[in-house]
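S.K.: Input data.txt, format and content: compact mmCIF, C-alpha atoms and all ligand atoms.
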# COMPACT_ATOMS: atom_id res chain seq x y z
CA MET K 14 -146.86 110.49 131.80
CA GLU K 15 -146.56 106.79 131.00
CA GLU K 16 -150.32 106.31 131.07
CA ILE K 17 -150.92 108.94 128.45
CA LYS K 18 -148.15 107.70 126.22
CA SER K 19 -149.57 104.22 126.31
CA ILE K 20 -152.96 105.19 124.90
CA GLN K 21 -153.24 103.15 121.77
CA TRP K 22 -153.56 104.76 118.42
CA PHE K 23 -155.73 102.66 116.14
CA PRO K 24 -154.97 103.50 112.52
CA GLY K 25 -157.80 101.16 111.51
CA HIS K 26 -160.36 103.48 113.06
CA MET K 27 -158.96 106.43 111.17
CA THR K 28 -159.06 104.57 107.89
CA LYS K 29 -162.75 103.85 108.38
CA THR K 30 -163.50 107.48 109.25
CA ARG K 31 -161.45 108.69 106.32
CA ARG K 32 -163.46 106.54 103.93
CA LYS K 33 -166.76 107.63 105.43
CA ILE K 34 -165.90 111.31 105.27
CA GLU K 35 -164.49 111.02 101.76
CA SER K 36 -167.68 109.37 100.57
CA GLN K 37 -169.71 112.32 101.87
CA LEU K 38 -167.46 115.07 100.57
CA ARG K 39 -169.26 115.30 97.22
CA LEU K 40 -172.52 116.07 99.07
CA ILE K 41 -171.18 119.03 100.98
CA ASP K 42 -169.98 122.52 100.15
CA ALA K 43 -167.75 123.25 103.14
CA VAL K 44 -166.35 121.76 106.34
CA ALA K 45 -166.67 123.36 109.78
CA VAL K 46 -163.63 122.29 111.80
CA LEU K 47 -164.37 122.53 115.52
CA LEU K 48 -161.34 123.06 117.74
CA ASP K 49 -161.13 123.61 121.48
CA ALA K 50 -160.17 127.24 122.00
CA ARG K 51 -157.90 126.23 124.92
CA ILE K 52 -155.89 123.87 122.72
CA PRO K 53 -156.49 124.78 119.06
CA PHE K 54 -153.37 122.91 117.98
CA SER K 55 -153.69 119.79 120.15
CA SER K 56 -157.40 119.38 119.39
CA CYS K 57 -156.84 119.27 115.65
CA ASN K 58 -156.83 115.82 114.09
CA PRO K 59 -153.51 115.49 112.26
CA ASP K 60 -155.04 113.72 109.26
CA LEU K 61 -157.89 116.13 108.76
CA ARG K 62 -156.20 118.28 106.15
CA SER K 63 -155.59 115.36 103.82
CA ILE K 64 -159.06 113.90 104.45
CA ILE K 65 -161.04 117.02 103.59
CA ASN K 66 -158.66 117.75 100.77
CA ASN K 67 -159.43 121.10 99.17
CA LYS K 68 -162.97 121.61 100.48
CA PRO K 69 -163.57 125.13 101.72
CA ARG K 70 -163.24 125.16 105.50
CA ILE K 71 -164.19 127.29 108.47
CA VAL K 72 -162.36 126.98 111.77
CA VAL K 73 -164.64 127.24 114.79
CA LEU K 74 -162.87 127.82 118.10
CA ASN K 75 -165.41 126.44 120.55
CA LYS K 76 -165.47 126.74 124.35
CA CYS K 77 -163.96 130.21 124.09
CA ASP K 78 -165.73 130.99 127.38
CA MET K 79 -162.91 129.00 129.03
CA ALA K 80 -160.00 130.28 126.92
CA ASP K 81 -157.90 133.41 127.35
CA PRO K 82 -159.65 136.06 125.17
CA ALA K 83 -156.31 137.61 124.13
CA GLN K 84 -155.04 134.22 122.92
CA THR K 85 -158.31 133.50 121.12
CA LYS K 86 -157.86 136.79 119.28
CA LYS K 87 -154.32 135.77 118.31
CA TRP K 88 -155.47 132.37 117.08
CA LEU K 89 -158.19 133.95 114.95
CA ALA K 90 -155.65 136.35 113.48
CA LEU K 91 -153.25 133.47 112.81
CA PHE K 92 -155.85 131.47 110.87
CA ARG K 93 -157.06 134.51 108.98
CA GLN K 94 -153.47 135.36 108.09
CA LYS K 95 -153.36 131.93 106.44
CA ASN K 96 -156.56 132.71 104.55
CA ILE K 97 -158.58 130.31 106.66
CA ALA K 98 -161.88 131.72 107.86
CA ALA K 99 -162.11 131.42 111.64
CA ILE K 100 -164.60 132.36 114.31
CA ALA K 101 -164.71 131.91 118.08
CA LEU K 102 -167.83 130.97 119.96
CA ASP K 103 -169.14 129.19 122.97
CA CYS K 104 -171.99 126.75 122.91
CA LYS K 105 -172.63 127.22 126.60
CA SER K 106 -174.00 130.75 126.30
CA GLY K 107 -174.42 130.76 122.54
CA LYS K 108 -172.11 133.74 122.19
CA GLY K 109 -170.61 134.04 118.71
CA LEU K 110 -172.98 131.56 117.04
CA ASN K 111 -174.60 134.27 114.94
CA ALA K 112 -171.38 134.74 113.00
CA PHE K 113 -171.36 131.18 111.69
CA ILE K 114 -173.81 131.31 108.76
CA PRO K 115 -172.56 134.68 107.45
CA THR K 116 -168.95 133.41 107.66
CA VAL K 117 -169.79 130.27 105.67
CA LYS K 118 -171.62 132.37 103.08
CA ASN K 119 -168.63 134.63 102.85
CA VAL K 120 -166.26 131.69 102.30
CA LEU K 121 -168.59 130.35 99.59
CA ALA K 122 -169.34 133.74 98.04
CA ASP K 123 -167.91 132.86 94.60
CA ARG K 124 -169.79 129.57 94.51
CA ILE K 125 -173.03 131.17 95.59
CA SER K 126 -172.81 133.79 92.87
CA ALA K 127 -172.00 131.03 90.33
CA TRP K 128 -175.11 129.14 91.48
CA ASN K 129 -177.16 132.30 91.21
CA SER K 130 -175.99 132.97 87.68
CA LYS K 131 -176.98 129.42 86.76
CA GLY K 132 -180.46 130.01 88.12
CA MET K 133 -179.81 127.94 91.25
CA THR K 134 -180.74 130.79 93.55
CA GLY K 135 -181.40 129.65 97.09
CA ARG K 136 -179.58 126.33 96.63
CA THR K 137 -179.13 124.72 100.05
CA ILE K 138 -175.65 125.14 101.54
CA LYS K 139 -174.41 121.95 103.15
CA VAL K 140 -171.67 121.95 105.75
CA MET K 141 -170.06 118.96 107.46
CA VAL K 142 -169.15 119.44 111.12
CA VAL K 143 -165.92 117.71 112.17
CA GLY K 144 -163.85 117.63 115.32
CA ILE K 145 -162.32 115.30 117.88
CA PRO K 146 -164.58 113.70 120.53
CA ASN K 147 -165.78 116.10 123.23
CA VAL K 148 -164.91 119.28 121.35
CA GLY K 149 -168.60 120.24 121.30
CA LYS K 150 -169.96 119.03 117.95
CA SER K 151 -173.35 117.93 119.34
CA SER K 152 -173.64 121.09 121.40
CA PHE K 153 -172.83 123.19 118.34
CA ILE K 154 -175.31 121.42 116.08
CA ASN K 155 -178.04 121.45 118.73
CA ARG K 156 -177.49 125.11 119.43
CA MET K 157 -177.52 126.04 115.76
CA ALA K 158 -180.61 123.93 115.11
CA LYS K 159 -182.47 125.29 118.12
CA GLN K 160 -181.53 128.85 117.41
CA ASN K 161 -183.05 128.52 113.99
CA ARG K 162 -186.03 126.42 115.07
CA ALA K 163 -185.22 123.59 112.74
CA LYS K 164 -185.68 119.88 113.04
CA VAL K 165 -183.56 116.85 112.40
CA GLU K 166 -184.28 115.44 109.01
CA ASP K 167 -183.99 111.97 107.65
CA ARG K 168 -183.08 112.21 104.03
CA PRO K 169 -183.96 109.45 101.65
CA GLY K 170 -181.18 108.71 99.20
CA VAL K 171 -178.44 109.68 101.60
CA THR K 172 -176.50 106.93 103.35
CA ARG K 173 -178.41 105.82 106.41
CA GLY K 174 -177.01 106.89 109.71
CA ASN K 175 -176.02 110.30 108.44
CA GLN K 176 -177.54 113.05 110.46
CA TRP K 177 -178.58 116.15 108.62
CA PHE K 178 -179.83 119.16 110.49
CA THR K 179 -181.54 122.12 108.91
CA ILE K 180 -180.26 125.16 110.76
CA GLY K 181 -181.78 127.90 108.68
CA LYS K 182 -183.49 128.53 105.38
CA GLY K 183 -181.32 126.83 102.78
CA PHE K 184 -178.63 125.79 105.27
CA ASP K 185 -177.92 122.24 106.43
CA LEU K 186 -175.33 120.74 108.76
CA LEU K 187 -174.08 117.16 108.53
CA ASP K 188 -172.79 115.53 111.69
CA THR K 189 -169.40 113.85 111.16
CA PRO K 190 -169.63 110.35 109.78
CA GLY K 191 -167.01 108.74 112.01
CA VAL K 192 -164.67 109.66 114.80
CA LEU K 193 -161.67 111.91 114.30
CA TRP K 194 -159.25 110.87 117.01
CA PRO K 195 -156.75 113.42 118.23
CA LYS K 196 -153.03 112.86 117.93
CA PHE K 197 -152.55 110.62 120.95
CA ASP K 198 -149.13 109.41 119.89
CA ASP K 199 -147.47 112.76 120.65
CA PRO K 200 -146.99 112.82 124.45
CA ALA K 201 -147.19 116.63 124.66
CA VAL K 202 -150.49 116.65 122.78
CA GLY K 203 -151.82 113.67 124.75
CA GLU K 204 -151.03 115.45 127.98
CA ARG K 205 -152.86 118.61 126.95
CA LEU K 206 -155.88 116.64 125.85
CA ALA K 207 -155.85 114.88 129.21
CA PHE K 208 -155.54 118.20 131.08
CA ILE K 209 -158.75 119.53 129.54
CA GLY K 210 -160.57 116.22 130.00
CA SER K 211 -160.66 114.98 126.42
CA VAL K 212 -159.15 111.66 127.46
CA LYS K 213 -161.29 109.63 129.82
CA ASP K 214 -159.83 109.82 133.33
CA ASP K 215 -160.57 106.16 134.03
CA ILE K 216 -157.69 105.18 131.74
CA LEU K 217 -155.30 107.63 133.40
CA ASP K 218 -153.55 107.86 136.73
CA THR K 219 -155.25 111.03 137.94
CA GLU K 220 -152.72 111.75 140.69
CA GLN K 221 -149.89 111.63 138.20
CA LEU K 222 -151.87 113.70 135.71
CA SER K 223 -152.81 116.36 138.23
CA GLY K 224 -149.18 116.44 139.40
CA ARG K 225 -148.10 117.16 135.84
CA LEU K 226 -150.86 119.76 135.51
CA LEU K 227 -149.69 121.48 138.68
CA GLU K 228 -146.10 121.60 137.40
CA TYR K 229 -147.37 122.96 134.10
CA LEU K 230 -149.47 125.62 135.84
CA ARG K 231 -146.60 126.50 138.17
CA ASP K 232 -144.34 127.07 135.15
CA ASN K 233 -146.87 128.83 132.93
CA PHE K 234 -149.63 130.32 135.07
CA PRO K 235 -148.17 130.68 138.57
CA ASP K 236 -150.38 133.59 139.65
CA PRO K 237 -153.81 132.01 139.07
CA LEU K 238 -152.48 128.74 140.54
CA CYS K 239 -151.14 130.34 143.71
CA ALA K 240 -154.22 132.52 144.11
CA ARG K 241 -156.60 129.57 143.81
CA TYR K 242 -154.81 127.28 146.25
CA LYS K 243 -153.14 129.89 148.46
CA LEU K 244 -149.68 128.68 147.53
CA ASP K 245 -146.42 130.53 147.85
CA LYS K 246 -144.79 130.99 144.43
CA ALA K 247 -141.27 130.86 145.83
CA GLU K 248 -142.04 127.77 147.86
CA ILE K 249 -143.45 125.66 145.02
CA ILE K 250 -140.83 126.63 142.45
CA THR K 251 -138.65 123.58 143.06
CA MET K 252 -141.37 121.21 144.24
CA GLN K 253 -142.50 118.06 142.46
CA GLY K 254 -146.07 118.08 141.18
CA TYR K 255 -147.08 115.33 143.57
CA ASP K 256 -145.84 117.33 146.55
CA ILE K 257 -147.77 120.40 145.40
CA LEU K 258 -150.82 118.15 145.11
CA ALA K 259 -150.32 116.90 148.66
CA MET K 260 -149.93 120.47 149.88
CA ILE K 261 -153.24 121.42 148.25
CA GLY K 262 -154.91 118.36 149.78
CA ARG K 263 -153.64 119.35 153.20
CA LYS K 264 -154.73 122.97 152.82
CA ARG K 265 -158.18 121.82 151.75
CA GLY K 266 -158.43 119.42 154.68
CA MET K 267 -158.65 116.36 152.46
CA LEU K 268 -157.60 113.68 154.87
CA VAL K 269 -158.28 109.98 155.22
CA SER K 270 -158.59 108.20 158.55
CA GLY K 271 -155.19 108.14 160.20
CA GLY K 272 -154.56 111.71 159.08
CA GLU K 273 -152.97 110.97 155.73
CA ILE K 274 -153.69 113.27 152.85
CA ASN K 275 -156.28 112.03 150.38
CA THR K 276 -154.27 112.81 147.25
CA GLU K 277 -156.77 111.00 145.05
CA ARG K 278 -159.50 113.41 146.11
CA ALA K 279 -157.13 116.36 145.79
CA ALA K 280 -156.24 115.21 142.25
CA ALA K 281 -159.91 115.04 141.25
CA THR K 282 -160.46 118.53 142.66
CA VAL K 283 -157.45 120.04 140.88
CA LEU K 284 -158.46 118.50 137.55
CA ASP K 285 -162.12 119.50 137.94
CA GLU K 286 -161.30 123.05 138.88
CA PHE K 287 -158.90 123.48 136.00
CA ARG K 288 -161.43 122.02 133.55
CA ASN K 289 -164.28 124.22 134.66
CA ALA K 290 -162.06 127.30 134.47
CA SER K 291 -162.08 127.97 138.23
CA LEU K 292 -158.48 129.16 137.82
CA GLY K 293 -159.61 131.58 135.15
CA ARG K 294 -159.69 131.50 131.37
CA LEU K 295 -156.44 129.84 130.34
CA THR K 296 -155.21 128.87 126.87
CA ILE K 297 -152.65 126.08 126.83
CA ASP K 298 -151.66 126.08 123.16
CA LYS K 299 -150.25 129.52 122.56
CA ALA K 300 -150.80 130.94 119.08
CA GLU K 301 -147.22 132.22 118.93
CA ASP K 302 -145.89 128.66 119.44
CA HIS K 303 -147.90 127.27 116.53
CA THR K 304 -147.48 129.72 113.71
CA ASP K 305 -147.04 126.77 111.33
CA VAL K 306 -150.50 125.35 112.14
CA ARG K 307 -152.23 123.96 109.05
CA ILE K 308 -155.79 122.82 108.52
P1 LIG E 1 -168.94 116.18 121.01
O1 LIG E 1 -170.28 116.07 120.36
O2 LIG E 1 -167.93 116.83 120.13
O3 LIG E 1 -168.42 114.89 121.57
O4 LIG E 1 -169.08 117.17 122.27
P2 LIG E 1 -170.37 117.59 123.11
O5 LIG E 1 -171.23 118.52 122.33
O6 LIG E 1 -171.00 116.36 123.66
O7 LIG E 1 -169.69 118.44 124.29
C1 LIG E 1 -168.78 117.87 125.21
C2 LIG E 1 -168.85 118.63 126.52
O8 LIG E 1 -168.41 119.98 126.33
C3 LIG E 1 -170.24 118.74 127.12
O9 LIG E 1 -170.10 118.74 128.53
C4 LIG E 1 -170.70 120.11 126.68
O10 LIG E 1 -171.71 120.65 127.50
C5 LIG E 1 -169.41 120.89 126.79
N1 LIG E 1 -169.37 122.07 125.91
C6 LIG E 1 -169.63 122.11 124.59
N2 LIG E 1 -169.44 123.34 124.11
C7 LIG E 1 -169.05 124.12 125.17
C8 LIG E 1 -168.69 125.50 125.31
O11 LIG E 1 -168.65 126.28 124.35
N3 LIG E 1 -168.33 125.91 126.55
C9 LIG E 1 -168.31 125.07 127.62
N4 LIG E 1 -167.93 125.59 128.80
N5 LIG E 1 -168.64 123.77 127.53
C10 LIG E 1 -169.01 123.30 126.32
P3 LIG E 1 -170.37 117.48 129.41
O12 LIG E 1 -169.85 117.76 130.76
O13 LIG E 1 -169.88 116.26 128.69
O14 LIG E 1 -171.90 117.39 129.43
P4 LIG E 1 -172.93 118.48 130.02
O15 LIG E 1 -172.18 119.36 130.95
O16 LIG E 1 -173.47 119.22 128.84
O17 LIG E 1 -173.94 117.62 130.67
Would you mind giving the structure from this file in structure tokens?

M.R.:
Amino acid sequence: MEEIKSIQWFPGHMTKTRRKIESQLRLIDAVAVLLDARIPFSSCNPDLRSIINNKPRIVVLNKCDMADPAQTKKWLALFRQKNIAAIALDCKSGKGLNAFIPTVKNVLADRISAWNSKGMTGRTIKVMVVGIPNVGKSSFINRMAKQNRAKVEDRPGVTRGNQWFTIGKGFDLLDTPGVLWPKFDDPAVGERLAFIGSVKDDILDTEQLSGRLLEYLRDNFPDPLCARYKLDKAEIITMQGYDILAMIGRKRGMLVSGGEINTERAAATVLDEFRNASLGRLTIDKAEDHTDVRI
């Protein structure tokens, strides 16, 4: 996994994002932290907790249409056990989106009743949406805005470039000011991000990556793997990822002139099929392995 390890981590970028987010914190009431339901741990920016400080937060497990429902349930229970409000949804079908506004209102219940007692009834609730690239922030905001027939607003007095979206009566979302990079410097996390396609494939060796993915699937999800590619569990148990990849290429008839196996094409297929959940709904970060998760 040399390629993944060598992805550079630019602390300078994080510093800029940190400053931008911190400068907006006073304008918002809560933070919606979007995580990928297949990798709730690996898709969490490691600095987030210190950046958002003690702002009320809501964890949103997005893309749950591609995650194992039993694991998603465990993750939700884990967050709730830590007194962190958490919901699961998918922006593809829109399933679960209805729970978002009520959950935020529930988290802010004390504040809302304090506003009410001060005569600030109906004060607009403002929530900042954060998450690593590709986790579905735009999809989430667009879905929420569309669902509630709202429009993008340009607010005078608020730093230019900030995008506010009205998603319901008295409810605004702020798109993240800046990019929250994932934790690329941990090879295990980098690999998982690459598996689900959060790291651009053009900076990776896709044959090597798909070989690693095949070994990972062989060790953790052998049944869906063998069913998809008609592999023999006993046969692949001691095989190298690259050899499993070649076997899949051969079975799929992916040959180049001269009869050699087109492992590049096989790699693209394996990665694509894993990422669009053709092997089924699989969660890579298991809740039971991350009971110390903090947000
Ligand atoms: P970002 O703003 O955080 O960077 O993420 P964005 O909304 O652009 O979403 C990244 C990709 O993830 C998009 O796919 C989007 O359609 C997909 N996506 C977002 N939410 C969900 C979800 O809940 N389930 C599934 N299955 N996919 C989701 P794309 O291939 O980049 O673009 P496109 O397919 O929309 O054209």

S.K.: Report, in Å with one decimal, the straight-line distance from CA of Gly293 (chain K) to CA of Ile308 (chain K).

M.R.: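 Distance reported for this atom pair: 28.3 Å.
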
S.K.: Specify the axis-aligned box that encloses all atoms of ligand LIG 1 (chain E) listed in the file after padding of 5 Å on each side, stating its centre and edge lengths in Å to one decimal as JSON.

M.R.:
{"center_x": -170.9, "center_y": 120.6, "center_z": 125.5, "size_x": 16.0, "size_y": 21.4, "size_z": 20.8}

S.K.: List as CSV every residue of chain K that is in contact with ligand LIG 1 (chain E), defined as an atom at most 6 Å from one of its atoms (using all atoms listed in the file), together with the nearest atom pair and the distance in Å rounded to one decimal, sorted by chain and then rising number.

M.R.:
residue,atom,partner,partner_atom,distance
K:Asn75,CA,E:LIG1,O11,5.0
K:Lys76,CA,E:LIG1,O11,3.2
K:Asp78,CA,E:LIG1,N3,5.8
K:Asp103,CA,E:LIG1,O11,3.3
K:Cys104,CA,E:LIG1,O11,3.7
K:Lys105,CA,E:LIG1,C8,4.5
K:Pro146,CA,E:LIG1,O3,4.2
K:Asn147,CA,E:LIG1,O3,3.3
K:Val148,CA,E:LIG1,O2,4.1
K:Gly149,CA,E:LIG1,O4,3.3
K:Lys150,CA,E:LIG1,O2,3.7
K:Ser151,CA,E:LIG1,O5,3.7
K:Ser152,CA,E:LIG1,O5,3.6

S.K.: Rounded to one decimal, what separation in Å do you get between CA of Lys243 (chain K) and CA of Leu292 (chain K)?

M.R.: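 Calculated distance between CA of Lys243 (chain K) and CA of Leu292 (chain K) is 11.9 Å.
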
S.K.: Considering only C-alpha atoms, can you say which of K:Leu74, K:Leu226, K:Ile209, K:Ala240 comes closest to Gln253 (chain K)?

M.R.: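 Nearest to Gln253 (chain K): K:Leu226.
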
S.K.: Any idea what's packed within 6 Å of Arg294 (chain K), counting all atoms listed in the file, ignoring anything in its chain fewer than 6 positions away? Could you give it as a list in words?

M.R.: Met79, Ala80 and Asp81 of chain K

S.K.: Using all atoms listed in the file, list the residues that have an atom at most 8 Å from (-179.2, 129.0, 101.6), coordinates as in the file, as a list in words.

M.R.: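 Protein and nucleic acid residues near the point are Gly135, Arg136, Thr137, Ile138, Gly181, Lys182, Gly183 and Phe184 of chain K.
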
S.K.: Restrict the calculation to only C-alpha atoms, then for each residue of region 39-153 of chain K with any atom at most 9 Å from an atom of region 191-201 of chain K give the closest atom pair and their distance in Å to one decimal, rows by chain and rising residue number, as a Markdown table.

M.R.:
| residue | atom | partner | partner_atom | distance |
| --- | --- | --- | --- | --- |
| K:Ser55 | CA | K:Lys196 | CA | 7.3 |
| K:Ser56 | CA | K:Pro195 | CA | 6.1 |
| K:Cys57 | CA | K:Pro195 | CA | 6.4 |
| K:Asn58 | CA | K:Pro195 | CA | 4.8 |
| K:Pro59 | CA | K:Lys196 | CA | 6.3 |
| K:Asp60 | CA | K:Leu193 | CA | 8.5 |
| K:Leu61 | CA | K:Leu193 | CA | 7.9 |
| K:Val143 | CA | K:Leu193 | CA | 7.5 |
| K:Gly144 | CA | K:Leu193 | CA | 6.2 |
| K:Ile145 | CA | K:Leu193 | CA | 5.0 |
| K:Pro146 | CA | K:Trp194 | CA | 7.0 |

S.K.: Using all atoms listed in the file, pick whichever of K:Ile71, K:Val142, K:Ala101, K:Val283 has the shortest atom-to-atom distance to Ala83 (chain K).

M.R.: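 Checking each candidate against Ala83 (chain K), we get K:Ala101 as the closest.
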
S.K.: Counting only C-alpha atoms, which of K:Ile97, K:Ala158, K:Ala207, K:Ile41 gets nearest to Lys139 (chain K)?

M.R.: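 Checking each of K:Ile97, K:Ala158, K:Ala207, K:Ile41 against Lys139 (chain K), counting only C-alpha atoms, the winner is K:Ile41.
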
S.K.: Select, counting all atoms listed in the file, all protein, DNA and RNA residues no farther than 8 Å from (-171.2, 125.7, 102.1) in file coordinates, and express the selection as a ChimeraX atom specification.

M.R.: /K:41-44,69,117-118,120-121,138-140

S.K.: Using only C-alpha atoms, which residue out of K:Thr30, K:Ser270, K:Gln37, K:Ser106 lies closest to Gln176 (chain K)?

M.R.: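 Closest to Gln176 (chain K), using only C-alpha atoms: K:Gln37.
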
S.K.: What lies within 10 Å of Thr304 (chain K) using only C-alpha atoms, ignoring chain neighbours under 5 positions off, as an mmCIF file with C-alpha atoms, in the coordinates of the input?

M.R.:
data_model
loop_
_atom_site.group_PDB
_atom_site.id
_atom_site.type_symbol
_atom_site.label_atom_id
_atom_site.label_comp_id
_atom_site.auth_asym_id
_atom_site.auth_seq_id
_atom_site.Cartn_x
_atom_site.Cartn_y
_atom_site.Cartn_z
ATOM 1 C CA PHE K 54 -153.370 122.910 117.980
ATOM 2 C CA TRP K 88 -155.470 132.370 117.080
ATOM 3 C CA LEU K 91 -153.250 133.470 112.810
ATOM 4 C CA PHE K 92 -155.850 131.470 110.870
ATOM 5 C CA GLN K 94 -153.470 135.360 108.090
ATOM 6 C CA LYS K 95 -153.360 131.930 106.440
ATOM 7 C CA LYS K 299 -150.250 129.520 122.560
#

S.K.: Report, in Å with one decimal, the straight-line distance from CA of Gly210 (chain K) to CA of Ala280 (chain K).

M.R.: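 Separation of CA of Gly210 (chain K) and CA of Ala280 (chain K): 13.0 Å.
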